[in-house]
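Asks: Provided below: coords.txt, containing compact mmCIF, C-alpha atoms (C1' of nucleotides).
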# COMPACT_ATOMS: atom_id res chain seq x y z
CA MET F 433 17.76 13.73 1.03
CA LYS F 434 15.78 12.53 -1.96
CA ILE F 435 12.56 10.62 -1.19
CA ALA F 436 10.39 9.08 -3.89
CA THR F 437 7.23 7.01 -4.23
CA TRP F 438 6.15 4.87 -7.19
CA ASN F 439 3.27 2.51 -7.80
CA VAL F 440 5.09 0.10 -10.12
CA ASN F 441 2.09 -2.09 -11.02
CA SER F 442 4.01 -5.38 -10.54
CA VAL F 443 7.65 -5.17 -9.48
CA ARG F 444 8.58 -8.21 -11.56
CA SER F 445 7.02 -6.78 -14.69
CA ARG F 446 8.81 -3.48 -14.03
CA LEU F 447 12.18 -4.78 -12.80
CA ASP F 448 14.33 -3.45 -15.66
CA ARG F 449 12.72 -0.03 -15.39
CA LEU F 450 13.10 -0.02 -11.61
CA ILE F 451 16.80 -0.86 -11.64
CA ALA F 452 17.48 1.69 -14.39
CA TRP F 453 15.51 4.33 -12.49
CA LEU F 454 17.45 3.74 -9.27
CA GLY F 455 20.72 4.12 -11.19
CA GLU F 456 19.60 7.30 -12.88
CA HIS F 457 17.84 9.10 -10.02
CA LYS F 458 19.69 7.65 -7.01
CA PRO F 459 16.99 8.36 -4.43
CA ASP F 460 17.89 7.91 -0.77
CA VAL F 461 14.49 6.31 -0.23
CA LEU F 462 12.04 4.82 -2.71
CA CYS F 463 8.63 3.59 -1.57
CA LEU F 464 7.00 1.08 -3.91
CA GLN F 465 3.37 -0.04 -4.14
CA GLU F 466 1.51 -2.78 -5.99
CA LEU F 467 4.41 -5.23 -5.94
CA LYS F 468 1.94 -7.99 -6.85
CA CYS F 469 4.24 -10.72 -5.57
CA GLN F 470 5.11 -12.74 -2.52
CA GLU F 471 8.33 -12.38 -0.54
CA HIS F 472 10.05 -15.31 -2.25
CA GLN F 473 9.38 -13.71 -5.64
CA PHE F 474 10.68 -10.25 -4.72
CA PRO F 475 13.91 -9.24 -6.55
CA PHE F 476 16.06 -8.64 -3.44
CA GLU F 477 19.30 -9.56 -5.27
CA ASP F 478 18.83 -7.18 -8.22
CA ILE F 479 17.96 -4.36 -5.84
CA ALA F 480 21.00 -5.10 -3.63
CA ARG F 481 23.24 -5.08 -6.71
CA ALA F 482 21.85 -1.62 -7.50
CA GLY F 483 23.05 -0.51 -4.06
CA TYR F 484 19.79 -0.61 -2.10
CA HIS F 485 18.44 -2.25 1.01
CA ALA F 486 14.85 -3.42 0.73
CA VAL F 487 12.13 -4.27 3.23
CA MET F 488 8.78 -5.45 1.94
CA ILE F 489 5.53 -7.23 2.61
CA GLY F 490 3.80 -9.04 -0.19
CA GLN F 491 0.99 -11.36 -1.10
CA LYS F 492 -0.12 -13.31 -4.14
CA SER F 493 -1.36 -11.23 -7.12
CA TYR F 494 -2.41 -8.07 -5.31
CA ASN F 495 -1.09 -5.17 -3.26
CA GLY F 496 2.37 -5.42 -1.68
CA VAL F 497 4.59 -2.53 -0.54
CA ALA F 498 8.34 -2.01 -0.12
CA ILE F 499 10.82 0.56 1.17
CA LEU F 500 14.14 0.73 -0.68
CA SER F 501 16.96 2.76 0.85
CA ARG F 502 20.65 3.48 0.39
CA ALA F 503 21.19 3.51 4.16
CA GLU F 504 20.27 0.52 6.26
CA PRO F 505 16.69 0.75 7.55
CA GLY F 506 15.94 0.31 11.25
CA ASP F 507 12.87 -0.35 13.42
CA ILE F 508 11.08 -2.13 10.58
CA LYS F 509 7.36 -2.57 11.16
CA PRO F 510 5.64 -4.76 8.57
CA ALA F 511 2.25 -3.84 10.04
CA THR F 512 1.63 -7.36 11.30
CA ASP F 513 1.37 -5.90 14.80
CA LEU F 514 -1.00 -3.10 13.82
CA ALA F 515 -4.74 -3.12 14.33
CA ALA F 516 -6.97 -4.31 11.48
CA PRO F 517 -7.38 -3.28 8.74
CA LEU F 518 -3.82 -1.92 8.62
CA ASP F 519 -2.36 -5.32 9.52
CA SER F 520 -1.11 -7.29 6.55
CA ASP F 521 -3.04 -10.50 7.27
CA ASP F 522 -5.55 -9.81 4.51
CA GLN F 523 -3.97 -7.11 2.40
CA ALA F 524 -0.33 -6.02 2.32
CA ARG F 525 -0.70 -2.24 2.20
CA LEU F 526 1.60 -0.69 4.80
CA ILE F 527 5.20 -0.98 5.89
CA SER F 528 7.32 1.43 7.89
CA ALA F 529 10.99 1.82 8.76
CA SER F 530 13.45 4.49 9.90
CA VAL F 531 16.10 5.69 7.45
CA ASP F 532 18.69 8.38 8.22
CA GLY F 533 16.61 9.56 11.19
CA VAL F 534 13.40 9.89 9.18
CA ARG F 535 10.39 7.68 9.87
CA ILE F 536 9.20 6.35 6.51
CA ILE F 537 5.65 5.00 6.18
CA CYS F 538 4.87 3.45 2.81
CA VAL F 539 1.16 3.06 2.07
CA TYR F 540 -1.06 1.68 -0.64
CA VAL F 541 -4.50 3.03 0.25
CA PRO F 542 -7.42 0.89 -0.97
CA ASN F 543 -8.92 1.99 -4.29
CA GLY F 544 -12.61 2.00 -3.31
CA SER F 545 -13.54 3.99 -6.40
CA ASP F 546 -17.04 2.53 -6.57
CA MET F 547 -18.89 4.18 -3.68
CA THR F 548 -21.43 1.36 -3.52
CA SER F 549 -18.73 -1.31 -3.09
CA ASP F 550 -17.31 -2.96 0.01
CA GLY F 551 -13.98 -1.56 -1.12
CA TYR F 552 -15.25 1.96 -0.51
CA SER F 553 -16.19 1.36 3.14
CA TYR F 554 -12.90 -0.54 3.53
CA LYS F 555 -11.06 2.52 2.21
CA LEU F 556 -12.74 4.83 4.74
CA ALA F 557 -12.02 2.40 7.59
CA TRP F 558 -8.42 1.99 6.44
CA LEU F 559 -7.88 5.77 6.39
CA ASP F 560 -9.41 6.06 9.86
CA ALA F 561 -7.04 3.37 11.11
CA LEU F 562 -4.09 5.19 9.53
CA GLY F 563 -5.04 8.32 11.47
CA ASP F 564 -5.38 6.28 14.68
CA MET F 565 -1.93 4.81 14.12
CA LEU F 566 -0.40 8.27 13.69
CA ARG F 567 -2.04 9.59 16.85
CA GLN F 568 -1.09 6.54 18.91
CA GLU F 569 2.43 5.80 17.71
CA TYR F 570 3.87 9.04 16.37
CA SER F 571 4.20 12.74 17.06
CA PRO F 572 3.71 15.55 14.52
CA GLU F 573 6.94 17.01 15.91
CA GLU F 574 9.15 14.22 14.57
CA SER F 575 10.65 13.81 11.10
CA LEU F 576 8.09 11.58 9.44
CA VAL F 577 6.85 10.98 5.92
CA ILE F 578 3.93 9.01 4.54
CA CYS F 579 4.65 8.07 0.94
CA GLY F 580 2.42 6.20 -1.39
CA ASP F 581 -0.51 5.67 -3.65
CA THR F 582 -3.26 7.32 -1.63
CA ASN F 583 -5.95 6.86 -4.29
CA ILE F 584 -7.23 10.30 -3.29
CA ILE F 585 -7.75 13.34 -5.51
CA ALA F 586 -7.19 15.88 -2.76
CA ARG F 587 -7.93 19.00 -4.82
CA ASP F 588 -9.94 19.66 -8.00
CA CYS F 589 -6.78 20.92 -9.71
CA ASP F 590 -5.24 17.46 -9.23
CA ALA F 591 -7.53 15.97 -11.89
CA ALA F 592 -7.70 16.80 -15.59
CA ASN F 593 -11.48 16.55 -15.39
CA PRO F 594 -12.40 16.73 -11.70
CA GLN F 595 -16.19 16.80 -11.90
CA PRO F 596 -16.94 13.10 -12.62
CA TRP F 597 -14.40 11.99 -10.02
CA ARG F 598 -16.28 13.85 -7.27
CA ALA F 599 -18.96 11.18 -7.47
CA THR F 600 -16.41 8.39 -6.87
CA GLY F 601 -14.38 7.13 -3.96
CA MET F 602 -11.32 8.85 -5.46
CA GLY F 603 -12.50 12.43 -5.20
CA CYS F 604 -15.68 12.50 -3.11
CA GLN F 605 -15.97 14.79 -0.10
CA ALA F 606 -15.91 11.96 2.46
CA VAL F 607 -12.54 10.72 1.23
CA ARG F 608 -11.14 14.26 0.93
CA ASN F 609 -12.19 14.82 4.52
CA LYS F 610 -10.10 11.82 5.57
CA PHE F 611 -7.13 13.27 3.69
CA ASP F 612 -7.66 16.66 5.36
CA GLU F 613 -7.87 14.92 8.73
CA LEU F 614 -4.40 13.45 8.20
CA CYS F 615 -3.14 16.90 7.24
CA ARG F 616 -4.69 18.43 10.38
CA TRP F 617 -2.69 15.97 12.50
CA GLY F 618 0.38 17.64 11.06
CA LEU F 619 1.13 16.44 7.55
CA VAL F 620 1.92 18.56 4.50
CA ASP F 621 1.44 17.50 0.87
CA VAL F 622 4.85 18.80 -0.19
CA PHE F 623 4.23 18.42 -3.93
CA GLY F 624 0.91 20.26 -3.62
CA GLN F 625 2.64 22.98 -1.63
CA LYS F 626 5.27 23.45 -4.36
CA HIS F 627 2.64 23.34 -7.13
CA PRO F 628 -0.50 25.07 -5.82
CA GLU F 629 -1.77 25.61 -9.39
CA GLY F 630 -2.10 21.85 -9.94
CA GLY F 631 -2.56 20.33 -13.38
CA LEU F 632 0.32 17.90 -12.76
CA PHE F 633 -0.52 14.23 -12.54
CA SER F 634 0.99 10.96 -11.31
CA TRP F 635 -1.46 8.51 -12.94
CA TRP F 636 -2.98 8.20 -16.39
CA ASP F 637 -5.40 5.50 -17.57
CA TYR F 638 -3.86 2.92 -19.90
CA ARG F 639 -7.02 3.20 -22.02
CA GLN F 640 -8.31 5.95 -24.27
CA LEU F 641 -4.87 7.50 -24.83
CA GLY F 642 -5.02 8.79 -21.27
CA PHE F 643 -1.36 9.81 -21.14
CA ALA F 644 -1.21 11.22 -24.69
CA LYS F 645 -4.18 13.44 -23.86
CA ASN F 646 -2.82 14.13 -20.34
CA ARG F 647 -6.08 13.04 -18.79
CA GLY F 648 -4.54 12.20 -15.47
CA LEU F 649 -4.87 12.32 -11.72
CA ARG F 650 -2.48 13.15 -8.92
CA ILE F 651 -3.19 10.35 -6.48
CA ASP F 652 0.34 9.57 -5.26
CA HIS F 653 1.51 11.70 -2.35
CA ILE F 654 4.50 12.53 -0.20
CA LEU F 655 3.07 13.77 3.10
CA THR F 656 5.58 15.04 5.64
CA THR F 657 5.48 16.57 9.08
CA ARG F 658 6.08 20.34 9.15
CA THR F 659 9.68 20.11 10.32
CA LEU F 660 10.48 18.09 7.21
CA ALA F 661 8.20 20.10 4.89
CA LYS F 662 10.15 23.27 5.74
CA LYS F 663 13.26 21.59 4.36
CA CYS F 664 11.65 20.62 1.05
CA THR F 665 13.45 22.42 -1.76
CA ASP F 666 11.83 20.72 -4.75
CA ALA F 667 9.11 18.23 -5.67
CA TYR F 668 8.43 16.81 -9.11
CA ILE F 669 6.90 13.94 -11.06
CA ASP F 670 9.00 11.89 -13.48
CA ARG F 671 6.59 11.74 -16.44
CA ASP F 672 9.28 10.00 -18.50
CA GLN F 673 8.47 6.80 -16.62
CA ARG F 674 5.00 6.80 -18.16
CA LYS F 675 6.59 6.72 -21.64
CA GLY F 676 8.17 3.98 -23.74
CA HIS F 677 7.88 0.21 -23.49
CA LYS F 678 5.70 -1.28 -20.74
CA PRO F 679 5.29 1.68 -18.39
CA SER F 680 3.43 1.50 -15.10
CA ASP F 681 0.23 3.54 -15.21
CA HIS F 682 1.73 5.58 -12.34
CA ALA F 683 4.83 7.79 -12.54
CA PRO F 684 7.28 8.31 -9.65
CA VAL F 685 6.82 11.34 -7.39
CA ILE F 686 10.05 12.77 -5.96
CA ALA F 687 10.76 15.27 -3.20
CA ILE F 688 14.12 16.76 -2.21
CA PHE F 689 14.92 17.80 1.36
CA GLU F 690 17.95 19.84 2.34
C1' DA A 1013 -20.66 3.15 -26.47
C1' DT A 1014 -21.26 2.16 -18.10
C1' DG A 1015 -15.68 -0.25 -23.51
C1' DG A 1016 -11.14 0.56 -25.24
C1' DC A 1017 -5.54 -1.39 -21.32
C1' DC A 1018 -2.48 -3.99 -18.23
C1' DC A 1019 -1.35 -7.30 -14.45
C1' DG A 1020 -1.50 -11.98 -12.33
C1' DT A 1021 -3.62 -16.31 -12.25
C1' DA A 1022 -4.99 -19.06 -15.05
C1' DG A 1023 -4.19 -22.56 -18.73
C1' DA A 1024 -9.99 -19.41 -20.54
C1' DA A 1025 -11.66 -15.65 -19.15
C1' DC A 1026 -11.77 -12.83 -14.98
C1' DG A 1027 -11.03 -9.82 -10.89
C1' DG A 1028 -8.81 -5.64 -9.82
C1' DG A 1029 -7.03 -1.39 -10.89
C1' DA A 1030 -8.65 4.13 -11.12
Take the structure I supplied and represent it as C-alpha cells, if you would.
Replies:
Amino acid sequence: MKIATWNVNSVRSRLDRLIAWLGEHKPDVLCLQELKCQEHQFPFEDIARAGYHAVMIGQKSYNGVAILSRAEPGDIKPATDLAAPLDSDDQARLISASVDGVRIICVYVPNGSDMTSDGYSYKLAWLDALGDMLRQEYSPEESLVICGDTNIIARDCDAANPQPWRATGMGCQAVRNKFDELCRWGLVDVFGQKHPEGGLFSWWDYRQLGFAKNRGLRIDHILTTRTLAKKCTDAYIDRDQRKGHKPSDHAPVIAIFE
DNA sequence: ATGGCCCGTAGAACGGGA
C-alpha cells in the first residue's frame, strides 16, 4: 500500500500537476492540504477520471483538506462533529476516512510560526485537541495513519539551518513536545525512522532561491501506529515536484507498506 | 536589508504562508 501526503498550495492552481502525479505514482491514498477552495470549486470530475475517489472539506481562500483513494473510502468524518478547534466551522483542517482497512487522518496543522501571535496559541490548542481525539476515538493498536502538513520541525536534522527556527512556532520546544506527545500515544514518523540522519526536506521557501540552495524544512509527516510502521518498507520525498513550472512550495512525501 | 515569492481575493494592495 502506497500512502502519500502533499500540501498542494491551491488544488486549482496545481490541478495539472496533481493529475499527472496521480498517473505517474499511482498512490493508494493521497492526502492533500491547502486546497484553498470551497466544495463547489473542487475538481471532483478530473480526479474521478484519474481513477480516484475524493472526500474533502474546504473553505474560501484558506486551508482545506482532502483524501484521495483508489478504493472507496468508508466512515468519512469531515470533523464537523469533533470538538473545537478541530471542527471545520472556522478552519477546514482535518478529515478522516477508512481505506482498505486503514484509518486515514489528513491534517493541516496551523502554522503559528510567530510565537507572539494568536495563531501560535491556536496551534498548541489544535495539537492538544488532536491528541484528545486520538485518545478518545482511536486505539494505538489499530492500523491508523495521520498524514499531513504538521508545520513542525520535529528534529534539528529536519532543517537546513535549525537554530533560527527554534525560536519560532515551527521548531520551538513547546511545539516539539506536542509532536512527541502524539508519538508517545503510539505514532511513528516513518520517514524519520527510515532516514535518521535527516537533511531531507519537504518544503523550501519560494524566496531567496530556497530550493536551489536546498534551504528546506521537513514539516510534512506520515505518522503511523506501530503495527503499520513495522510494515513500512520505504519512505521518500518526491523533490521533482518542487521543480519546473509553478511548483507548490511543498513536495509530496510517500511511504510504502507491505 | 525583520525583503526578495506565490496564492486567493480583490479589481489595489493585502493577509497568510513558513
Asks: Provide as a CSV table (one decimal) with C-alpha atoms (C1' of nucleotides), keeping the file's coordinate frame the residues of chain A at most 10 Å from chain F, counting all atoms listed in the file.
Replies:
chain,number,residue,atom,x,y,z
A,1015,DG,C1',-15.7,-0.2,-23.5
A,1016,DG,C1',-11.1,0.6,-25.2
A,1017,DC,C1',-5.5,-1.4,-21.3
A,1018,DC,C1',-2.5,-4.0,-18.2
A,1019,DC,C1',-1.4,-7.3,-14.4
A,1020,DG,C1',-1.5,-12.0,-12.3
A,1021,DT,C1',-3.6,-16.3,-12.2
A,1028,DG,C1',-8.8,-5.6,-9.8
A,1029,DG,C1',-7.0,-1.4,-10.9
A,1030,DA,C1',-8.6,4.1,-11.1
Asks: Just checking: using all atoms listed in the file, which residue out of F:Thr437, F:Gln673, F:Gln491, F:Thr656 ends up closest to Val461 of chain F?
Replies: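 Closest candidate: F:Thr437.
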Asks: Return the single residue from F:Ala592, F:Ala515, F:Val534, F:Ala599 that is closest to Asp560 of chain F, with distances computed using only C-alpha atoms.
Replies: F:Ala515
Asks: Need the shell around Phe689 of chain F: protein/DNA/RNA residues with any atom at most 6 Å away, counting only C-alpha atoms (C1' of nucleotides). Skip same-chain ones fewer than 4 positions apart. Format as a list in words?
Replies: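 Listing them by chain and then by number gives Met433, Lys663, Cys664 and Thr665 of chain F.
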Asks: Here is a test: counting all atoms listed in the file, which residue of F:Ile435, F:Ala687, F:Cys538, F:Ala480 is nearest to Leu518 of chain F?
Replies: F:Cys538
Asks: With a distance cut-off of 10 Å and all atoms listed in the file, select the neighbouring residues of Asn593 of chain F, excluding the residue or stretch itself and same-chain residues fewer than 3 positions from it, and output the selection as a list in words.
Replies: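 These residues fall inside the cut-off: Asp588, Cys589, Asp590, Pro596, Trp597, Arg598, Gly631, Arg647, Gly648 and Leu649 of chain F.
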Asks: Leaving out Ala486 of chain F and any residue of its chain fewer than 6 positions from it, which residues lie within 12 Å of it when counting only C-alpha atoms (C1' of nucleotides), given as a ChimeraX atom specification?
Replies: /F:460-464,471,474-480,497-506,508,527-529,531
Asks: Quick one: axis-aligned box around all listed atoms of segment 1013-1022 of chain A, 6 Å on every side, centre and edge lengths in Å to one decimal, written as lines of an AutoDock Vina configuration file.
Replies:
center_x = -11.3
center_y = -8.0
center_z = -19.4
size_x = 31.9
size_y = 34.2
size_z = 26.2
Asks: Record the distance separating atom CA of Pro628 of chain F and atom CA of Ala586 of chain F, expressed in Å with one decimal.
Replies: 11.8 Å
Asks: With only C-alpha atoms as the basis for distance, which of F:Phe611, F:Ala683, F:Arg525, F:Arg674 is at the shortest distance from Phe643 of chain F?
Replies: F:Arg674
Asks: Could you check which of F:Ala436, F:Ala667, F:Ala661, F:Val607 is closest to Met547 of chain F, using only C-alpha atoms?
Replies: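 Of all the options, F:Val607 lies closest to Met547 of chain F.
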Asks: To one decimal place, how far is atom CA of Cys579 of chain F from atom CA of Val685 of chain F in Å?
Replies: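 The value is 9.2 Å.
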Asks: Could you check how far atom C1' of DT1014 of chain A sits from atom CA of Thr582 of chain F, in Å to one decimal?
Replies: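 Going from atom C1' of DT1014 of chain A over to atom CA of Thr582 of chain F, I get 24.9 Å.
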